[in-house]
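See below for work.cif, which holds mmCIF, C-alpha atoms.
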data_target
#
loop_
_atom_site.label_atom_id
_atom_site.label_comp_id
_atom_site.auth_asym_id
_atom_site.auth_seq_id
_atom_site.Cartn_x
_atom_site.Cartn_y
_atom_site.Cartn_z
CA MET A 162 95.20 54.57 30.16
CA SER A 163 97.29 53.18 32.94
CA LYS A 164 96.77 56.35 34.95
CA ASN A 165 93.09 55.67 35.37
CA GLU A 166 93.40 52.07 36.33
CA GLU A 167 94.10 52.92 39.91
CA LYS A 168 92.64 50.35 42.18
CA THR A 169 89.04 51.47 42.45
CA HIS A 170 87.69 51.13 45.92
CA ILE A 171 84.04 50.17 46.03
CA ILE A 172 82.46 51.46 49.21
CA PRO A 173 79.55 49.28 50.38
CA TYR A 174 76.05 50.84 50.65
CA ARG A 175 76.02 49.91 54.32
CA THR A 176 78.89 52.32 55.07
CA PHE A 177 76.97 55.23 53.56
CA LEU A 178 73.78 54.33 55.43
CA LEU A 179 75.72 54.07 58.67
CA VAL A 180 77.35 57.47 58.09
CA LEU A 181 73.93 58.95 57.26
CA LEU A 182 72.56 57.54 60.52
CA VAL A 183 75.38 59.11 62.53
CA LEU A 184 74.91 62.44 60.70
CA LEU A 185 71.18 62.45 61.50
CA THR A 186 71.90 61.57 65.13
CA PHE A 187 74.33 64.49 65.40
CA THR A 188 71.71 66.78 63.85
CA PHE A 189 69.08 65.78 66.39
CA ILE A 190 71.56 66.06 69.27
CA SER A 191 72.43 69.61 68.19
CA ILE A 192 68.72 70.53 67.95
CA GLY A 193 68.18 69.05 71.42
CA VAL A 194 71.18 70.75 72.99
CA THR A 195 70.43 74.19 71.53
CA SER A 196 66.85 74.09 72.82
CA TYR A 197 68.33 74.45 76.30
CA ASN A 198 70.03 77.72 77.02
CA LEU A 199 73.57 76.82 78.02
CA GLY A 200 75.00 80.23 77.23
CA PRO A 201 78.24 80.10 75.26
CA PHE A 202 78.23 76.29 75.42
CA THR A 203 75.21 76.24 73.10
CA VAL A 204 77.22 77.83 70.32
CA LEU A 205 80.23 75.66 71.11
CA THR A 206 78.34 72.34 70.99
CA ALA A 207 76.44 73.32 67.85
CA LEU A 208 79.66 74.26 66.04
CA LEU A 209 81.51 71.20 67.36
CA LEU A 210 78.77 68.89 66.08
CA ALA A 211 78.71 70.71 62.72
CA THR A 212 82.49 70.22 62.46
CA LEU A 213 82.19 66.51 63.28
CA LYS A 214 79.49 66.18 60.62
CA THR A 215 81.72 67.95 58.08
CA ILE A 216 84.60 65.59 58.84
CA LEU A 217 82.31 62.57 58.32
CA ILE A 218 81.03 63.96 55.00
CA LEU A 219 84.57 64.72 53.82
CA THR A 220 85.97 61.34 54.86
CA TYR A 221 83.24 59.02 53.62
CA PHE A 222 80.84 60.78 51.24
CA MET A 223 83.66 62.68 49.54
CA HIS A 224 85.90 59.60 49.58
CA LEU A 225 88.88 61.37 51.14
CA LYS A 226 89.68 58.23 53.14
CA PHE A 227 90.02 56.18 49.97
CA ASP A 228 91.31 58.79 47.53
CA VAL A 229 94.80 60.10 46.78
CA LYS A 230 96.39 61.32 50.01
CA MET A 231 97.19 64.74 48.55
CA PHE A 232 93.47 65.71 48.47
CA GLY A 233 93.11 65.11 52.19
CA ILE A 234 96.21 67.16 52.94
CA LEU A 235 94.97 70.04 50.77
CA VAL A 236 91.53 70.02 52.41
CA ALA A 237 93.16 70.10 55.84
CA ALA A 238 95.35 73.01 54.72
CA VAL A 239 92.38 75.01 53.43
CA LEU A 240 90.40 74.37 56.62
CA ALA A 241 93.43 75.40 58.70
CA LEU A 242 93.69 78.59 56.65
CA ILE A 243 90.02 79.37 57.31
CA ALA A 244 90.50 78.67 61.05
CA VAL A 245 93.50 81.02 61.18
CA VAL A 246 91.58 83.80 59.41
CA ILE A 247 88.65 83.42 61.83
CA PHE A 248 91.06 83.44 64.80
CA ILE A 249 92.89 86.57 63.63
CA THR A 250 89.64 88.38 62.82
CA PHE A 251 88.35 87.75 66.32
CA LEU A 252 91.65 88.72 67.92
CA ASP A 253 91.10 92.07 66.24
CA TYR A 254 87.46 92.48 67.33
CA LEU A 255 87.94 91.22 70.88
CA PHE A 256 90.96 93.35 71.73
CA ARG A 257 90.54 96.57 69.81
CA MET B 108 92.78 62.23 2.18
CA SER B 109 91.65 59.57 4.57
CA GLN B 110 92.95 60.57 7.89
CA GLN B 111 92.84 57.91 10.56
CA VAL B 112 90.80 59.06 13.53
CA HIS B 113 92.85 58.76 16.63
CA THR B 114 90.69 57.02 19.21
CA ASP B 115 93.07 56.81 22.14
CA GLU B 116 91.38 57.91 25.31
CA HIS B 117 92.82 60.99 26.82
CA ARG B 118 91.83 60.85 30.43
CA ASP B 119 93.26 61.76 33.78
CA ASP B 120 90.79 60.96 36.53
CA ILE B 121 92.95 62.18 39.39
CA GLY B 122 93.60 65.44 37.56
CA SER B 123 89.87 65.78 36.97
CA ARG B 124 89.04 65.30 40.64
CA PHE B 125 91.89 67.64 41.53
CA GLY B 126 90.28 70.36 39.42
CA MET B 127 86.97 69.79 41.16
CA TRP B 128 88.61 70.00 44.58
CA LEU B 129 90.35 73.27 43.66
CA PHE B 130 86.98 74.69 42.64
CA ILE B 131 85.47 73.43 45.91
CA PHE B 132 88.23 75.25 47.82
CA THR B 133 87.24 78.55 46.22
CA GLU B 134 83.64 77.88 47.22
CA LEU B 135 84.68 77.08 50.78
CA LEU B 136 86.63 80.33 51.00
CA LEU B 137 83.66 82.28 49.61
CA PHE B 138 81.30 80.90 52.23
CA ALA B 139 83.94 81.14 54.96
CA GLY B 140 84.12 84.88 54.27
CA LEU B 141 80.35 85.12 54.68
CA PHE B 142 80.44 83.07 57.87
CA ILE B 143 83.09 85.38 59.31
CA THR B 144 80.97 88.41 58.38
CA TYR B 145 78.02 86.78 60.11
CA SER B 146 80.05 85.97 63.24
CA VAL B 147 81.45 89.50 63.58
CA PHE B 148 78.02 91.12 63.12
CA ARG B 149 76.53 88.64 65.55
CA TYR B 150 79.24 89.50 68.09
CA LYS B 151 78.56 93.22 67.68
CA ASN B 152 74.72 92.98 67.63
CA TRP B 153 74.08 89.88 69.72
CA GLN B 154 70.78 91.08 71.17
CA ALA B 155 69.22 91.91 67.82
CA PHE B 156 70.53 88.65 66.33
CA HIS B 157 69.07 86.73 69.25
CA LEU B 158 65.60 88.20 68.68
CA ALA B 159 65.78 87.91 64.91
CA ALA B 160 66.91 84.25 64.99
CA GLU B 161 63.80 83.38 67.01
CA GLU B 162 61.78 84.28 63.90
CA LEU B 163 63.22 81.34 61.98
CA ASP B 164 61.38 78.03 61.93
CA VAL B 165 63.61 75.30 63.42
CA PHE B 166 61.31 72.59 62.12
CA ILE B 167 61.60 73.54 58.45
CA GLY B 168 65.36 74.04 58.88
CA ALA B 169 65.72 70.61 60.47
CA LEU B 170 63.57 69.05 57.74
CA ASN B 171 65.83 70.56 55.07
CA THR B 172 68.90 69.29 56.93
CA VAL B 173 67.55 65.73 56.95
CA ILE B 174 66.64 66.09 53.27
CA LEU B 175 70.11 67.26 52.24
CA LEU B 176 71.97 64.67 54.32
CA ALA B 177 69.82 61.90 52.83
CA SER B 178 70.39 63.18 49.28
CA SER B 179 74.13 63.24 49.93
CA ALA B 180 73.97 59.59 50.97
CA THR B 181 72.02 58.61 47.84
CA ILE B 182 74.42 60.34 45.43
CA ALA B 183 77.35 58.68 47.22
CA MET B 184 75.60 55.30 46.89
CA SER B 185 74.95 55.90 43.18
CA ILE B 186 78.72 55.69 42.61
CA THR B 187 78.83 52.30 44.33
CA ALA B 188 75.92 51.18 42.17
CA LEU B 189 77.66 52.31 38.99
CA GLN B 190 80.88 50.55 39.99
CA GLN B 191 78.83 47.37 40.41
CA LYS B 192 77.48 47.94 36.87
CA ARG B 193 73.93 48.36 38.17
CA LYS B 194 72.84 51.12 35.82
CA LYS B 195 69.17 51.11 36.79
CA LEU B 196 69.98 51.45 40.48
CA THR B 197 72.48 54.21 39.69
CA LEU B 198 69.82 56.18 37.86
CA THR B 199 67.26 55.55 40.61
CA LEU B 200 69.67 56.84 43.27
CA MET B 201 70.61 59.87 41.18
CA GLY B 202 66.93 60.54 40.50
CA THR B 203 66.17 60.32 44.21
CA THR B 204 68.93 62.84 44.91
CA MET B 205 67.50 65.30 42.39
CA LEU B 206 63.92 64.81 43.58
CA VAL B 207 64.91 65.36 47.18
CA GLY B 208 66.95 68.41 46.15
CA LEU B 209 63.83 69.84 44.52
CA VAL B 210 61.87 69.25 47.73
CA PHE B 211 64.54 71.28 49.53
CA LEU B 212 63.92 74.19 47.15
CA VAL B 213 60.14 73.91 47.54
CA ASN B 214 60.55 74.10 51.33
CA LYS B 215 62.81 77.10 50.90
CA TYR B 216 60.16 78.75 48.71
CA PHE B 217 57.48 78.35 51.38
CA GLU B 218 59.85 79.46 54.10
CA TRP B 219 60.84 82.63 52.26
CA SER B 220 57.21 83.37 51.24
CA LEU B 221 56.19 83.28 54.88
CA LYS B 222 58.97 85.72 55.76
CA PHE B 223 57.90 88.05 52.94
CA GLU B 224 54.30 87.90 54.18
CA HIS B 225 55.49 89.01 57.60
CA GLY B 226 57.23 91.92 55.89
CA LEU B 227 60.66 90.44 56.44
CA TYR B 228 62.75 90.94 53.34
CA PRO B 229 65.81 93.06 52.55
CA GLY B 230 64.81 96.71 52.44
CA SER B 231 61.35 96.19 53.93
CA GLU B 232 59.80 98.88 56.14
CA THR B 233 59.11 96.44 58.97
CA LEU B 234 62.77 95.53 59.11
CA VAL B 235 63.96 99.13 59.12
CA GLU B 236 61.67 99.80 62.11
CA PHE B 237 63.29 96.92 64.01
CA GLY B 238 66.76 98.42 63.76
CA LYS B 239 70.22 97.89 62.37
CA GLY B 240 70.90 94.47 63.93
CA GLU B 241 67.74 92.91 62.46
CA VAL B 242 68.51 94.42 59.06
CA LEU B 243 71.95 92.80 59.20
CA PHE B 244 70.60 89.44 60.35
CA PHE B 245 67.95 89.15 57.67
CA GLY B 246 70.26 90.60 55.03
CA LEU B 247 72.79 87.86 55.77
CA TYR B 248 70.05 85.24 56.13
CA PHE B 249 68.58 85.95 52.70
CA PHE B 250 71.95 86.38 51.03
CA MET B 251 73.56 83.25 52.47
CA THR B 252 70.57 80.89 52.19
CA GLY B 253 69.86 82.38 48.75
CA LEU B 254 73.41 81.81 47.56
CA HIS B 255 73.19 78.30 48.97
CA ALA B 256 69.92 77.72 47.11
CA LEU B 257 71.63 78.85 43.89
CA HIS B 258 74.27 76.21 44.57
CA ILE B 259 71.52 73.62 44.98
CA ILE B 260 70.14 74.63 41.58
CA ALA B 261 73.63 74.41 40.04
CA GLY B 262 74.13 71.00 41.68
CA LEU B 263 70.80 69.77 40.30
CA GLY B 264 71.88 70.95 36.85
CA PHE B 265 75.22 69.16 37.16
CA ILE B 266 73.61 65.92 38.36
CA SER B 267 70.94 65.93 35.62
CA PHE B 268 73.71 66.43 33.06
CA VAL B 269 75.56 63.37 34.40
CA PHE B 270 72.22 61.52 34.60
CA TYR B 271 71.85 61.96 30.85
CA TYR B 272 75.43 60.74 30.34
CA VAL B 273 74.76 57.61 32.39
CA ILE B 274 71.69 56.88 30.24
CA LYS B 275 73.80 57.37 27.09
CA ASN B 276 76.52 55.10 28.52
CA LYS B 277 79.05 57.88 28.41
CA VAL B 278 79.52 57.58 32.14
CA THR B 279 80.10 53.93 32.93
CA HIS B 280 81.54 51.59 35.55
CA ASP B 281 85.07 52.19 34.25
CA ASN B 282 84.68 55.89 33.50
CA PHE B 283 82.70 57.60 36.21
CA VAL B 284 84.83 60.55 37.26
CA LEU B 285 82.08 62.92 36.11
CA LEU B 286 79.64 61.32 38.52
CA GLU B 287 82.26 61.53 41.27
CA ASN B 288 82.71 65.25 40.60
CA ALA B 289 78.95 65.87 40.59
CA GLY B 290 78.84 64.01 43.91
CA LEU B 291 81.70 66.09 45.32
CA TYR B 292 79.85 69.29 44.41
CA TRP B 293 76.63 68.04 45.97
CA HIS B 294 78.45 67.14 49.20
CA LEU B 295 80.00 70.62 49.30
CA VAL B 296 76.50 72.11 49.17
CA ASP B 297 75.60 69.74 52.00
CA ILE B 298 78.58 70.85 54.12
CA ILE B 299 77.65 74.52 53.71
CA TRP B 300 74.13 73.76 54.91
CA VAL B 301 75.54 71.81 57.87
CA PHE B 302 76.93 75.17 59.09
CA LEU B 303 74.07 77.41 57.92
CA PHE B 304 71.50 75.41 59.86
CA PRO B 305 72.95 75.73 63.39
CA LEU B 306 74.19 79.30 62.86
CA PHE B 307 70.88 80.72 61.66
CA TYR B 308 68.21 78.42 63.05
CA LEU B 309 69.57 76.80 66.20
CA ILE B 310 71.75 79.36 67.95
CA THR B 311 69.41 82.08 69.19
#

Rendering of file as structure tokens:
Amino acid sequence: MSKNEEKTHIIPYRTFLLVLLVLLTFTFISIGVTSYNLGPFTVLTALLLATLKTILILTYFMHLKFDVKMFGILVAAVLALIAVVIFITFLDYLFR
Amino acid sequence: MSQQVHTDEHRDDIGSRFGMWLFIFTELLLFAGLFITYSVFRYKNWQAFHLAAEELDVFIGALNTVILLASSATIAMSITALQQKRKKLTLTLMGTTMLVGLVFLVNKYFEWSLKFEHGLYPGSETLVEFGKGEVLFFGLYFFMTGLHALHIIAGLGFISFVFYYVIKNKVTHDNFVLLENAGLYWHLVDIIWVFLFPLFYLIT
């Protein structure tokens, strides 16, 4: 069973509470910002904050920071793939 | 014939998490496709989407966001509790996650009911009168939040299954990959909501 006796990293409760606090703060900031009409910046800030929240959830809640490195690399690759598909789709719609 | 039962554990925790991650990737791609569909339709019908998005209740959306984020934190903490061999606390945290997940669904029920009362549901006459853009917006709204709600139900099922295993001591401080995978799934559901909330409720 040597494979499973990897050094288990115990993450303290405080870390999770802190991350939760930051996530809630980001949520309220995005609600605040979008209540003003800043044109295209509204969408940009809302999506930026959502991305930051996702990174926090992936890193801490989903343990990517403490897990095997390969998982983090794969997640980054999948997210990059999604970004490329979105980019290409919009290239098509914006310039057709 | 007395055959000796072979009791060696056959386990590969990294492989198990790897499988879960691969599944999560397929889910991410599924929702990414829907998000792209939403973005393109929004780009092509921005006026209708603007008006339709005003119909959604930011308060109930925000409440559900807080609920999901908190439940993600509690399921993450339940792993810490299990590692510290605090079984009771583990079960309490898992129970909290499930309870809060149920509250999310109840909110969703009231939210959808209100929309139905206003005649806003796929194929309704009110919606057809509004026009193509509104039909698209509410079609995507019901499909994407509905699919997300199905994921919540699946997540609740997964967590209650692991909950039973923790009670039966089949998931323990030195064998908790099942709880980790249930947690991973729950966080995925959380991440999807993190994007659904601003796209449907906040950006008008």

Assuming the chain letters and numbering stay as they are in my file, what does the PyMOL selection byres ((chain A and resi 225) around 12) actually select? List them as a PyMOL selection string. (chain A and resi 170+172+215-224+226-237) or (chain B and resi 124-125+128+287+291)

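The set of residues that the PyMOL selection byres ((chain B and resi 148) around 12) takes from this file is Thr250, Phe251 and Tyr254 of chain A; Leu141, Phe142, Ile143, Thr144, Tyr145, Ser146, Val147, Arg149, Tyr150, Lys151, Asn152, Trp153, Gln154, Ala155, Phe156, His157, Lys239, Gly240, Glu241, Val242, Leu243, Phe244, Phe245, Gly246 and Leu247 of chain B.
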
Just-selected residues, C-alpha atoms written as a PDB file, in the frame of the given file:
ATOM      1  CA  THR A 250      89.640  88.380  62.820  1.00  0.00           C
ATOM      2  CA  PHE A 251      88.350  87.750  66.320  1.00  0.00           C
ATOM      3  CA  TYR A 254      87.460  92.480  67.330  1.00  0.00           C
TER       4      TYR A 254
ATOM      5  CA  LEU B 141      80.350  85.120  54.680  1.00  0.00           C
ATOM      6  CA  PHE B 142      80.440  83.070  57.870  1.00  0.00           C
ATOM      7  CA  ILE B 143      83.090  85.380  59.310  1.00  0.00           C
ATOM      8  CA  THR B 144      80.970  88.410  58.380  1.00  0.00           C
ATOM      9  CA  TYR B 145      78.020  86.780  60.110  1.00  0.00           C
ATOM     10  CA  SER B 146      80.050  85.970  63.240  1.00  0.00           C
ATOM     11  CA  VAL B 147      81.450  89.500  63.580  1.00  0.00           C
ATOM     12  CA  ARG B 149      76.530  88.640  65.550  1.00  0.00           C
ATOM     13  CA  TYR B 150      79.240  89.500  68.090  1.00  0.00           C
ATOM     14  CA  LYS B 151      78.560  93.220  67.680  1.00  0.00           C
ATOM     15  CA  ASN B 152      74.720  92.980  67.630  1.00  0.00           C
ATOM     16  CA  TRP B 153      74.080  89.880  69.720  1.00  0.00           C
ATOM     17  CA  GLN B 154      70.780  91.080  71.170  1.00  0.00           C
ATOM     18  CA  ALA B 155      69.220  91.910  67.820  1.00  0.00           C
ATOM     19  CA  PHE B 156      70.530  88.650  66.330  1.00  0.00           C
ATOM     20  CA  HIS B 157      69.070  86.730  69.250  1.00  0.00           C
ATOM     21  CA  LYS B 239      70.220  97.890  62.370  1.00  0.00           C
ATOM     22  CA  GLY B 240      70.900  94.470  63.930  1.00  0.00           C
ATOM     23  CA  GLU B 241      67.740  92.910  62.460  1.00  0.00           C
ATOM     24  CA  VAL B 242      68.510  94.420  59.060  1.00  0.00           C
ATOM     25  CA  LEU B 243      71.950  92.800  59.200  1.00  0.00           C
ATOM     26  CA  PHE B 244      70.600  89.440  60.350  1.00  0.00           C
ATOM     27  CA  PHE B 245      67.950  89.150  57.670  1.00  0.00           C
ATOM     28  CA  GLY B 246      70.260  90.600  55.030  1.00  0.00           C
ATOM     29  CA  LEU B 247      72.790  87.860  55.770  1.00  0.00           C
TER      30      LEU B 247
END

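Residue nearest A:Val180 within the list B:Ala180, B:Leu212, B:Leu227, B:Asn276: B:Ala180 [criterion: smallest interatomic distance, all atoms listed in the file].
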
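From atom CA of B:Ile298 back to atom CA of B:Gly140, the distance works out to 15.1 Å.
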
Mind dumping a table of every chain B residue within 8 Å of chain A, with the nearest atom pair and its distance in Å to one decimal, using all atoms listed in the file, sorted by chain and rising number, as CSV?
residue,atom,partner,partner_atom,distance
B:Glu116,CA,A:Met162,CA,7.0
B:His117,CA,A:Met162,CA,7.6
B:Arg118,CA,A:Met162,CA,7.1
B:Asp119,CA,A:Asn165,CA,6.3
B:Asp120,CA,A:Asn165,CA,5.9
B:Ile121,CA,A:Asn165,CA,7.7
B:Phe125,CA,A:Phe232,CA,7.4
B:Trp128,CA,A:Phe232,CA,7.6
B:Phe132,CA,A:Val239,CA,7.0
B:Leu136,CA,A:Ile243,CA,7.2
B:Ala139,CA,A:Ile243,CA,6.8
B:Ile143,CA,A:Ile247,CA,6.4
B:Val147,CA,A:Phe251,CA,7.6
B:Ala169,CA,A:Thr188,CA,7.9
B:Thr172,CA,A:Thr188,CA,7.9
B:Val173,CA,A:Leu185,CA,6.7
B:Leu176,CA,A:Leu181,CA,6.7
B:Ala177,CA,A:Leu181,CA,6.7
B:Ser179,CA,A:Phe222,CA,7.3
B:Ala180,CA,A:Phe177,CA,5.9
B:Ala183,CA,A:Phe222,CA,5.7
B:Met184,CA,A:Tyr174,CA,5.9
B:Thr187,CA,A:Ile171,CA,5.9
B:Gln190,CA,A:Ile171,CA,6.8
B:Gly290,CA,A:Met223,CA,7.5
B:Leu291,CA,A:Met223,CA,5.8
B:His294,CA,A:Met223,CA,6.9
B:Ile298,CA,A:Thr215,CA,5.8
B:Val301,CA,A:Ala211,CA,5.9
B:Phe302,CA,A:Ala211,CA,6.0
B:Pro305,CA,A:Ala207,CA,6.2
B:Leu309,CA,A:Thr195,CA,6.0
B:Ile310,CA,A:Val204,CA,6.2

In Å, with one decimal, what is the gap from atom CA of B:Phe223 to atom CA of B:Tyr248? 12.9 Å

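Atom pair atom CA of B:Tyr308 / atom CA of A:Phe202 has a distance of 16.1 Å (rounded to one decimal).
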
Excluding B:Leu286 and residues on its chain fewer than 6 positions from it, collect all residues at most 8 Å away from it, counting all atoms listed in the file, and give them as number ranges by chain. B: 186, 266, 269, 278
